[in-house]
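What follows is model19.txt (compact mmCIF, C-alpha atoms).
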```txt
# COMPACT_ATOMS: atom_id res chain seq x y z
CA MET A 14 78.65 68.64 161.25
CA LYS A 15 76.15 70.07 158.75
CA TYR A 16 77.58 73.29 157.27
CA CYS A 17 80.93 74.32 155.78
CA THR A 18 83.17 76.35 158.12
CA GLN A 19 84.66 78.18 155.12
CA CYS A 20 81.55 79.22 153.15
CA GLY A 21 78.50 78.26 155.27
CA ASN A 22 76.93 75.99 152.64
CA PRO A 23 75.56 72.47 153.35
CA LEU A 24 77.89 69.46 153.62
CA ILE A 25 77.49 65.96 152.26
CA PHE A 26 79.01 62.85 153.90
CA GLU A 27 80.85 60.90 151.17
CA ILE A 28 84.14 59.18 150.36
CA PRO A 29 86.35 61.75 148.55
CA HIS A 30 88.26 60.83 145.39
CA GLU A 31 91.35 58.69 146.23
CA ASP A 32 90.27 58.39 149.88
CA ASP A 33 88.95 55.29 151.66
CA ARG A 34 86.57 56.70 154.27
CA HIS A 35 83.61 59.04 154.57
CA ARG A 36 84.30 62.76 155.14
CA HIS A 37 82.12 65.86 155.38
CA ILE A 38 82.54 67.61 152.00
CA CYS A 39 81.18 71.05 151.08
CA THR A 40 78.61 70.96 148.25
CA ALA A 41 79.60 74.51 147.20
CA CYS A 42 83.35 75.07 147.69
CA GLY A 43 84.43 71.41 147.85
CA VAL A 44 86.48 71.72 151.03
CA ILE A 45 86.91 68.39 152.85
CA HIS A 46 86.45 68.63 156.63
CA TYR A 47 88.70 66.06 158.29
CA GLU A 48 87.92 65.02 161.85
CA ASN A 49 90.61 63.59 164.10
CA PRO A 50 90.93 62.17 167.62
CA LYS A 51 91.34 64.56 170.53
CA MET A 52 94.09 64.32 173.12
CA VAL A 53 93.39 64.61 176.84
CA VAL A 54 96.45 65.28 179.01
CA GLY A 55 96.74 64.81 182.75
CA CYS A 56 98.85 63.55 185.61
CA ILE A 57 98.85 61.46 188.75
CA PRO A 58 100.03 63.96 191.40
CA GLU A 59 102.04 62.19 194.14
CA TYR A 60 102.64 63.55 197.62
CA GLY A 61 104.56 61.17 199.83
CA ASN A 62 102.59 57.96 199.91
CA ARG A 63 99.36 59.60 198.72
CA ILE A 64 97.98 60.94 195.44
CA LEU A 65 95.73 63.93 194.84
CA LEU A 66 92.26 63.66 193.33
CA CYS A 67 89.78 66.40 192.38
CA ARG A 68 86.00 66.23 192.84
CA ARG A 69 84.42 67.59 189.67
CA ALA A 70 82.40 70.82 189.86
CA ILE A 71 81.37 70.45 186.19
CA GLU A 72 79.44 68.06 184.00
CA PRO A 73 79.86 65.34 182.90
CA ARG A 74 80.24 63.38 186.15
CA TYR A 75 79.59 66.31 188.50
CA GLY A 76 80.63 65.34 192.04
CA LYS A 77 82.80 62.38 190.96
CA TRP A 78 86.54 62.09 191.62
CA THR A 79 89.24 62.33 188.97
CA ILE A 80 92.91 63.06 188.38
CA PRO A 81 93.56 66.56 186.97
CA ALA A 82 93.24 66.23 183.19
CA GLY A 83 91.66 67.97 180.22
CA TYR A 84 91.84 68.60 176.49
CA LEU A 85 95.21 69.58 175.09
CA GLU A 86 94.95 73.09 173.61
CA ASN A 87 96.40 74.30 170.31
CA ARG A 88 99.97 75.60 170.61
CA GLU A 89 100.90 73.75 173.77
CA THR A 90 103.00 70.65 174.39
CA VAL A 91 101.52 67.61 176.14
CA THR A 92 103.67 68.38 179.19
CA GLU A 93 102.58 72.04 179.28
CA GLY A 94 98.96 70.93 178.94
CA ALA A 95 99.16 68.45 181.83
CA ARG A 96 100.86 71.09 184.00
CA ARG A 97 98.19 73.67 183.10
CA GLU A 98 95.35 71.28 183.96
CA ALA A 99 96.95 70.42 187.33
CA TYR A 100 97.11 74.12 188.13
CA GLU A 101 93.62 74.96 186.84
CA GLU A 102 91.86 72.14 188.65
CA ALA A 103 93.84 71.97 191.89
CA ARG A 104 96.25 74.95 191.91
CA LEU A 105 98.98 72.33 191.91
CA ASN A 106 102.62 73.16 191.34
CA MET A 107 104.05 70.01 189.84
CA GLY A 108 107.70 68.92 189.66
CA GLU A 109 109.05 66.97 186.70
CA LEU A 110 106.33 65.15 184.76
CA VAL A 111 107.27 61.62 183.64
CA PRO A 112 105.29 59.92 180.83
CA TYR A 113 103.30 57.00 182.27
CA ARG A 114 100.47 55.79 180.03
CA LEU A 115 98.80 56.53 176.71
CA TYR A 116 95.24 55.20 176.78
CA ASN A 117 93.47 54.84 173.44
CA ILE A 118 89.69 55.21 173.77
CA LYS A 119 88.87 54.75 170.13
CA HIS A 120 85.08 54.36 170.42
CA ILE A 121 84.96 58.03 171.44
CA SER A 122 88.03 59.05 169.36
CA GLN A 123 90.01 60.18 172.37
CA MET A 124 93.48 59.52 173.74
CA TYR A 125 94.56 60.12 177.35
CA PHE A 126 98.24 60.90 177.84
CA ILE A 127 98.99 60.56 181.56
CA PHE A 128 102.14 61.60 183.41
CA ARG A 129 103.38 60.86 186.94
CA GLY A 130 104.76 63.73 188.98
CA LEU A 131 105.53 64.98 192.46
CA ILE A 132 103.60 67.80 194.12
CA THR A 133 106.20 70.37 195.14
CA ASP A 134 104.40 72.19 197.96
CA GLU A 135 101.19 72.21 200.04
CA THR A 136 99.53 75.22 198.41
CA PHE A 137 97.06 73.11 196.42
CA ARG A 138 93.35 74.00 196.69
CA PRO A 139 90.29 73.58 194.45
CA GLY A 140 90.33 75.46 191.13
CA ILE A 141 87.10 76.70 189.56
CA GLU A 142 86.29 73.28 188.03
CA SER A 143 86.70 71.36 191.33
CA LEU A 144 84.43 71.11 194.39
CA GLU A 145 87.30 69.84 196.54
CA VAL A 146 90.78 68.36 196.20
CA ARG A 147 92.16 65.75 198.57
CA LEU A 148 95.09 63.40 199.11
CA PHE A 149 94.30 59.67 199.16
CA ALA A 150 96.36 56.67 200.17
CA CYS A 151 95.89 53.58 198.00
CA ASP A 152 93.31 52.04 200.39
CA GLU A 153 91.32 55.29 200.56
CA ILE A 154 90.69 55.73 196.81
CA PRO A 155 86.92 56.18 196.17
CA TRP A 156 86.83 53.43 193.53
CA ASP A 157 83.03 53.52 193.25
CA ASN A 158 82.97 57.27 192.77
CA LEU A 159 85.61 57.82 190.10
CA ALA A 160 84.50 59.97 187.16
CA PHE A 161 85.74 57.87 184.23
CA ARG A 162 86.81 54.29 183.54
CA VAL A 163 90.15 55.53 182.21
CA VAL A 164 90.84 57.12 185.62
CA ALA A 165 90.10 53.84 187.39
CA ALA A 166 92.32 51.89 184.95
CA CYS A 167 95.12 54.38 185.34
CA LEU A 168 95.04 54.36 189.14
CA GLU A 169 94.86 50.55 189.25
CA ASN A 170 97.94 50.35 187.01
CA PHE A 171 99.71 53.00 189.05
CA PHE A 172 99.30 51.25 192.42
CA LYS A 173 100.16 47.88 190.89
CA ASP A 174 103.32 49.31 189.33
CA ARG A 175 104.24 51.12 192.54
CA GLU A 176 103.94 47.90 194.51
CA SER A 177 106.07 45.96 192.03
CA GLY A 178 108.55 48.85 191.93
CA GLY A 179 108.52 49.20 188.15
CA PHE A 180 107.16 52.23 186.35
CA SER A 181 107.55 52.46 182.60
CA PHE A 182 105.70 54.13 179.74
CA LYS A 183 103.09 51.88 178.14
CA ILE A 184 100.22 52.11 175.68
CA ASP A 185 96.88 50.69 176.73
CA GLU A 186 93.27 50.76 175.54
CA ILE A 187 89.87 51.39 177.12
CA LEU A 188 87.18 49.35 175.37
CA PRO A 189 83.45 50.18 175.25
CA ASP A 190 81.41 49.25 178.34
CA ASP A 191 79.82 46.26 176.65
CA GLN A 192 83.10 44.57 175.70
CA MET B 20 86.85 79.03 160.47
CA LYS B 21 84.07 81.49 159.49
CA TYR B 22 80.70 79.70 159.71
CA CYS B 23 79.00 77.47 162.28
CA THR B 24 79.08 73.74 161.44
CA GLN B 25 75.74 73.26 163.23
CA CYS B 26 73.59 76.08 161.76
CA GLY B 27 75.66 77.76 159.01
CA ASN B 28 75.61 81.25 160.57
CA PRO B 29 78.69 83.50 160.99
CA LEU B 30 81.16 82.97 163.86
CA ILE B 31 82.87 85.52 166.08
CA PHE B 32 86.28 84.97 167.69
CA GLU B 33 85.97 85.80 171.39
CA ILE B 34 86.76 84.52 174.87
CA PRO B 35 83.68 82.60 176.12
CA HIS B 36 82.29 83.13 179.64
CA GLU B 37 84.50 81.36 182.24
CA ASP B 38 87.13 80.52 179.61
CA ASP B 39 90.60 82.04 179.23
CA ARG B 40 91.25 81.92 175.49
CA HIS B 41 89.64 82.92 172.22
CA ARG B 42 87.26 80.45 170.53
CA HIS B 43 85.08 80.56 167.44
CA ILE B 44 81.53 81.12 168.76
CA CYS B 45 78.33 81.05 166.70
CA THR B 46 76.48 84.39 166.62
CA ALA B 47 73.15 82.57 166.14
CA CYS B 48 73.10 79.28 168.09
CA GLY B 49 75.95 80.06 170.53
CA VAL B 50 77.87 76.81 169.93
CA ILE B 51 81.57 77.08 170.81
CA HIS B 52 83.88 75.46 168.26
CA TYR B 53 86.94 74.15 170.06
CA GLU B 54 90.07 73.45 168.03
CA ASN B 55 92.67 71.00 169.25
CA PRO B 56 96.09 69.68 168.16
CA LYS B 57 96.24 66.88 165.63
CA MET B 58 98.19 63.67 166.10
CA VAL B 59 100.42 62.25 163.37
CA VAL B 60 101.43 58.60 163.84
CA GLY B 61 104.27 56.78 162.13
CA CYS B 62 107.16 54.38 162.53
CA ILE B 63 110.81 53.81 161.77
CA PRO B 64 110.71 50.51 159.83
CA GLU B 65 113.89 48.48 160.45
CA TYR B 66 115.21 45.73 158.21
CA GLY B 67 118.49 44.28 159.41
CA ASN B 68 120.91 47.17 159.60
CA ARG B 69 118.81 49.42 157.35
CA ILE B 70 115.62 51.45 157.64
CA LEU B 71 112.96 52.08 155.03
CA LEU B 72 112.07 55.52 153.73
CA CYS B 73 109.35 56.58 151.28
CA ARG B 74 109.72 59.27 148.59
CA ARG B 75 106.56 61.39 148.69
CA ALA B 76 104.23 61.36 145.66
CA ILE B 77 102.05 64.07 147.24
CA GLU B 78 102.34 67.66 148.39
CA PRO B 79 103.64 69.10 150.61
CA ARG B 80 107.26 68.11 149.97
CA TYR B 81 106.62 66.15 146.78
CA GLY B 82 109.74 64.10 145.92
CA LYS B 83 111.25 64.33 149.42
CA TRP B 84 111.98 61.33 151.68
CA THR B 85 110.10 60.50 154.86
CA ILE B 86 109.24 57.71 157.26
CA PRO B 87 105.71 56.32 156.78
CA ALA B 88 103.43 58.55 158.87
CA GLY B 89 100.12 60.39 158.67
CA TYR B 90 97.18 61.78 160.59
CA LEU B 91 95.57 59.49 163.15
CA GLU B 92 91.97 58.83 162.11
CA ASN B 93 88.92 58.81 164.35
CA ARG B 94 88.22 55.43 165.92
CA GLU B 95 91.71 54.01 165.64
CA THR B 96 94.48 53.52 168.20
CA VAL B 97 97.89 55.16 167.70
CA THR B 98 99.38 51.73 167.02
CA GLU B 99 96.68 50.85 164.46
CA GLY B 100 97.22 54.22 162.80
CA ALA B 101 100.98 53.79 162.50
CA ARG B 102 100.49 50.26 161.10
CA ARG B 103 97.91 51.53 158.58
CA GLU B 104 100.21 54.32 157.39
CA ALA B 105 103.12 51.88 156.94
CA TYR B 106 100.91 49.70 154.78
CA GLU B 107 99.35 52.56 152.81
CA GLU B 108 102.63 54.27 151.98
CA ALA B 109 104.95 51.30 151.55
CA ARG B 110 102.79 48.14 151.66
CA LEU B 111 104.79 47.27 154.76
CA ASN B 112 103.85 44.44 157.08
CA MET B 113 105.24 45.51 160.43
CA GLY B 114 106.00 43.36 163.48
CA GLU B 115 105.51 44.68 167.01
CA LEU B 116 105.54 48.48 167.19
CA VAL B 117 107.45 49.90 170.17
CA PRO B 118 106.82 53.53 171.29
CA TYR B 119 109.92 55.63 170.57
CA ARG B 120 109.28 59.40 170.54
CA LEU B 121 106.48 61.91 170.97
CA TYR B 122 107.45 65.14 169.23
CA ASN B 123 105.46 68.25 170.12
CA ILE B 124 105.35 70.76 167.25
CA LYS B 125 103.27 73.35 168.99
CA HIS B 126 103.67 76.22 166.50
CA ILE B 127 101.60 74.14 164.05
CA SER B 128 99.53 72.41 166.78
CA GLN B 129 100.71 68.94 165.83
CA MET B 130 102.18 65.98 167.69
CA TYR B 131 104.15 63.15 166.05
CA PHE B 132 103.96 59.81 167.83
CA ILE B 133 106.71 57.60 166.38
CA PHE B 134 107.22 53.86 166.90
CA ARG B 135 110.13 51.56 166.09
CA GLY B 136 109.36 48.24 164.44
CA LEU B 137 110.78 45.42 162.37
CA ILE B 138 109.73 44.78 158.77
CA THR B 139 108.55 41.18 158.66
CA ASP B 140 109.01 40.35 154.96
CA GLU B 141 110.32 41.72 151.66
CA THR B 142 106.95 42.39 150.01
CA PHE B 143 107.16 46.17 150.53
CA ARG B 144 106.60 48.41 147.51
CA PRO B 145 105.36 51.99 146.93
CA GLY B 146 101.76 52.72 147.92
CA ILE B 147 99.74 55.33 146.07
CA GLU B 148 101.24 58.21 148.06
CA SER B 149 104.88 57.18 147.41
CA LEU B 150 107.06 57.50 144.29
CA GLU B 151 109.50 54.91 145.60
CA VAL B 152 110.44 53.11 148.82
CA ARG B 153 113.99 52.09 149.65
CA LEU B 154 116.17 50.70 152.43
CA PHE B 155 118.96 52.96 153.69
CA ALA B 156 121.91 52.27 155.95
CA CYS B 157 122.77 55.09 158.39
CA ASP B 158 125.46 56.56 156.08
CA GLU B 159 123.10 56.47 153.06
CA ILE B 160 120.26 58.59 154.56
CA PRO B 161 119.44 61.50 152.20
CA TRP B 162 119.75 64.10 154.99
CA ASP B 163 119.41 67.04 152.57
CA ASN B 164 116.28 65.63 150.99
CA LEU B 165 114.15 64.71 153.99
CA ALA B 166 110.57 65.99 153.88
CA PHE B 167 110.22 67.44 157.38
CA ARG B 168 112.46 68.57 160.23
CA VAL B 169 110.72 66.16 162.59
CA VAL B 170 111.81 63.28 160.34
CA ALA B 171 115.44 64.45 160.45
CA ALA B 172 115.31 64.86 164.25
CA CYS B 173 113.75 61.44 164.68
CA LEU B 174 116.31 59.65 162.48
CA GLU B 175 119.22 61.46 164.15
CA ASN B 176 117.93 60.35 167.56
CA PHE B 177 117.36 56.83 166.29
CA PHE B 178 120.88 56.29 164.94
CA LYS B 179 122.42 57.91 168.03
CA ASP B 180 120.36 55.66 170.32
CA ARG B 181 121.16 52.60 168.21
CA GLU B 182 124.88 53.31 168.47
CA SER B 183 124.71 53.80 172.23
CA GLY B 184 122.55 50.69 172.54
CA GLY B 185 119.78 52.41 174.51
CA PHE B 186 116.28 52.90 173.14
CA SER B 187 113.61 54.34 175.40
CA PHE B 188 110.42 56.37 174.99
CA LYS B 189 110.99 60.12 175.25
CA ILE B 190 109.12 63.36 174.64
CA ASP B 191 110.82 65.98 172.52
CA GLU B 192 109.92 69.22 170.77
CA ILE B 193 110.42 70.73 167.32
CA LEU B 194 110.73 74.52 167.51
CA PRO B 195 109.95 76.97 164.71
CA ASP B 196 112.67 77.41 162.04
CA ASP B 197 113.76 80.78 163.37
CA GLN B 198 114.47 79.56 166.90
```

Please rewrite the model in this file as structure tokens.
Amino acid sequence: MKYCTQCGNPLIFEIPHEDDRHRHICTACGVIHYENPKMVVGCIPEYGNRILLCRRAIEPRYGKWTIPAGYLENRETVTEGARREAYEEARLNMGELVPYRLYNIKHISQMYFIFRGLITDETFRPGIESLEVRLFACDEIPWDNLAFRVVAACLENFFKDRESGGFSFKIDEILPDDQ
Amino acid sequence: MKYCTQCGNPLIFEIPHEDDRHRHICTACGVIHYENPKMVVGCIPEYGNRILLCRRAIEPRYGKWTIPAGYLENRETVTEGARREAYEEARLNMGELVPYRLYNIKHISQMYFIFRGLITDETFRPGIESLEVRLFACDEIPWDNLAFRVVAACLENFFKDRESGGFSFKIDEILPDDQ
């Protein structure tokens, strides 16, 4: 972030008056540009004993497997966003979405809000951002070819919870690779 | 949003190739500026039978009562953010924070993630953004002088849940005033 979105003049990176952290401040009009974490929304789509994964047709992690998820857009609820992503990436029609996990990934200023939900019919197929979509039983999950660590953590938790019979909403954290 | 943060040139508001909604796009360098919802984090601080509210020393809603809450910052977890806000606004030392509600407020592209938690000692006092902080029993809540509708909704839900003895995490929505 180098230039002001309001007037186009250069920014400086300083602690504003009565603040306690650095912000991008406009040298001309004085506007402070706050930056905040982004929310990714998604779901674990269940179909009988199996879950659906999508193989990414886009970077990053082209060709790797993931649950349908993406950035929450302005003017949508987290549930609407997760439903939209499931449709966009796998043409999935999802039943009720139940909150499952909020993963904080603070080193990249992201949160993942993940739901559980049942696939309502067999009309799913790859959307434009997926190479293929497929149902996997627990012992078929391509653990070495998952797109993101948060996806692996989420699926591990999911199968563990399913085995113990207890799903509940929890907050968790993904730490940097070197920790 | 009028100018590019990367090169300072004017933006246009168009639907990018292979996208389905309008974005601010730079006319010179082509960068797409995505805008996403912001997360507010806060808590309902409990002390025995009462809860703590803060009277705002800042706009908007100067002089009105609220629970301690504010924008989640980059590189912090939702729990860390709620704890920081409780300390900043009321010098509160909070015990364990338990997820209570996620309120979608999509007409202003905000989410409120609210925890419940116990105040651990009596050292609370107004922070720089509060005129005063005070404990209120249910029948003392200044319902007509609360700062935001989401605060009123949250406290109504809280006292209802407390009476029925059942707290659990839920997702809810705040609609525009005219709906």

If I take CA of Pro87 in chain B and CA of Ser187 in chain B, how far is one from the other in Å, to one decimal?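 Taking CA of Pro87 in chain B and CA of Ser187 in chain B, their separation equals 20.3 Å.
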
* Could you list, as a ChimeraX atom specification, the residues of chain A having an atom within 10 Å of chain B when counting all atoms listed in the file? => /A:14-24,31,34,47-53,84-92,111-112,115-124,141,181-186

For Glu151 in chain B, find every residue with an atom within 7 Å (counting all atoms listed in the file), except residues of its own chain fewer than 2 positions away, and show them as a PDB file with C-alpha atoms, in the frame of the given file.
```pdb
ATOM      1  CA  CYS B  73     109.350  56.580 151.280  1.00  0.00           C
ATOM      2  CA  ARG B  74     109.720  59.270 148.590  1.00  0.00           C
ATOM      3  CA  PRO B 145     105.360  51.990 146.930  1.00  0.00           C
ATOM      4  CA  SER B 149     104.880  57.180 147.410  1.00  0.00           C
ATOM      5  CA  ARG B 153     113.990  52.090 149.650  1.00  0.00           C
TER       6      ARG B 153
END
```

Note to self: Give me the residues near Tyr60 in chain A as a list in words, where near means some atom within 7 Å (using only C-alpha atoms) and where sequence neighbours in that chain fewer than 3 positions away do not count.
What the structure shows: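 Contacts, in chain order: Arg63, Ile64, Leu131 and Ile132 of chain A.
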
*asked:* When you look at Pro35 in chain B with a cut-off of 9 Å (counting all atoms listed in the file), what residues show up, excluding the ones that are within fewer than 5 positions of it in the same chain? I need them as a list in words.
replied: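 Once the nearby chain positions are removed, what remains is Arg40, His41, Arg42, Ile44 and Ile51 of chain B.
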
Next on the checklist: Set the distance at 7 Å and use only C-alpha atoms: which residues neighbour Arg129 in chain A once local chain neighbours fewer than 2 positions away are removed? I'd like the list as a ChimeraX atom specification.
Outcome noted: /A:56-58,110-113,127

Exercise. Which neighbours of range 140-142 of chain B fall inside 9 Å, counting all atoms listed in the file, when residues of the same chain fewer than 5 positions from it are skipped, and could you give them as a PyMOL selection string?
Worked result: chain B and resi 66+110-113

Rebuild range 65-78 of chain A to N, CA and C atoms - output it as a PDB file, in the frame of the given file, please.
```
ATOM      1  N   LEU A  65      96.790  62.918 194.755  1.00  0.00           N
ATOM      2  CA  LEU A  65      95.730  63.930 194.840  1.00  0.00           C
ATOM      3  C   LEU A  65      94.648  63.661 193.806  1.00  0.00           C
ATOM      4  N   LEU A  66      93.405  63.721 194.245  1.00  0.00           N
ATOM      5  CA  LEU A  66      92.260  63.660 193.330  1.00  0.00           C
ATOM      6  C   LEU A  66      91.419  64.924 193.478  1.00  0.00           C
ATOM      7  N   CYS A  67      90.666  65.226 192.405  1.00  0.00           N
ATOM      8  CA  CYS A  67      89.780  66.400 192.380  1.00  0.00           C
ATOM      9  C   CYS A  67      88.345  65.910 192.253  1.00  0.00           C
ATOM     10  N   ARG A  68      87.422  66.555 192.995  1.00  0.00           N
ATOM     11  CA  ARG A  68      86.000  66.230 192.840  1.00  0.00           C
ATOM     12  C   ARG A  68      85.398  67.252 191.882  1.00  0.00           C
ATOM     13  N   ARG A  69      84.820  66.741 190.789  1.00  0.00           N
ATOM     14  CA  ARG A  69      84.420  67.590 189.670  1.00  0.00           C
ATOM     15  C   ARG A  69      83.266  68.532 190.033  1.00  0.00           C
ATOM     16  N   ALA A  70      83.451  69.812 189.670  1.00  0.00           N
ATOM     17  CA  ALA A  70      82.400  70.820 189.860  1.00  0.00           C
ATOM     18  C   ALA A  70      81.683  71.089 188.536  1.00  0.00           C
ATOM     19  N   ILE A  71      81.975  70.249 187.517  1.00  0.00           N
ATOM     20  CA  ILE A  71      81.370  70.450 186.190  1.00  0.00           C
ATOM     21  C   ILE A  71      80.861  69.110 185.661  1.00  0.00           C
ATOM     22  N   GLU A  72      79.911  69.239 184.720  1.00  0.00           N
ATOM     23  CA  GLU A  72      79.440  68.060 184.000  1.00  0.00           C
ATOM     24  C   GLU A  72      80.424  67.735 182.873  1.00  0.00           C
ATOM     25  N   PRO A  73      80.547  66.520 182.372  1.00  0.00           N
ATOM     26  CA  PRO A  73      79.860  65.340 182.900  1.00  0.00           C
ATOM     27  C   PRO A  73      80.497  64.846 184.200  1.00  0.00           C
ATOM     28  N   ARG A  74      79.753  64.019 184.916  1.00  0.00           N
ATOM     29  CA  ARG A  74      80.240  63.380 186.150  1.00  0.00           C
ATOM     30  C   ARG A  74      80.476  64.394 187.277  1.00  0.00           C
ATOM     31  N   TYR A  75      79.562  65.363 187.393  1.00  0.00           N
ATOM     32  CA  TYR A  75      79.590  66.310 188.500  1.00  0.00           C
ATOM     33  C   TYR A  75      79.648  65.543 189.823  1.00  0.00           C
ATOM     34  N   GLY A  76      80.552  65.953 190.714  1.00  0.00           N
ATOM     35  CA  GLY A  76      80.630  65.340 192.040  1.00  0.00           C
ATOM     36  C   GLY A  76      81.498  64.085 192.108  1.00  0.00           C
ATOM     37  N   LYS A  77      81.947  63.578 190.958  1.00  0.00           N
ATOM     38  CA  LYS A  77      82.800  62.380 190.960  1.00  0.00           C
ATOM     39  C   LYS A  77      84.281  62.781 191.021  1.00  0.00           C
ATOM     40  N   TRP A  78      85.100  61.830 191.434  1.00  0.00           N
ATOM     41  CA  TRP A  78      86.540  62.090 191.620  1.00  0.00           C
ATOM     42  C   TRP A  78      87.350  61.757 190.368  1.00  0.00           C
TER      43      TRP A  78
END
```
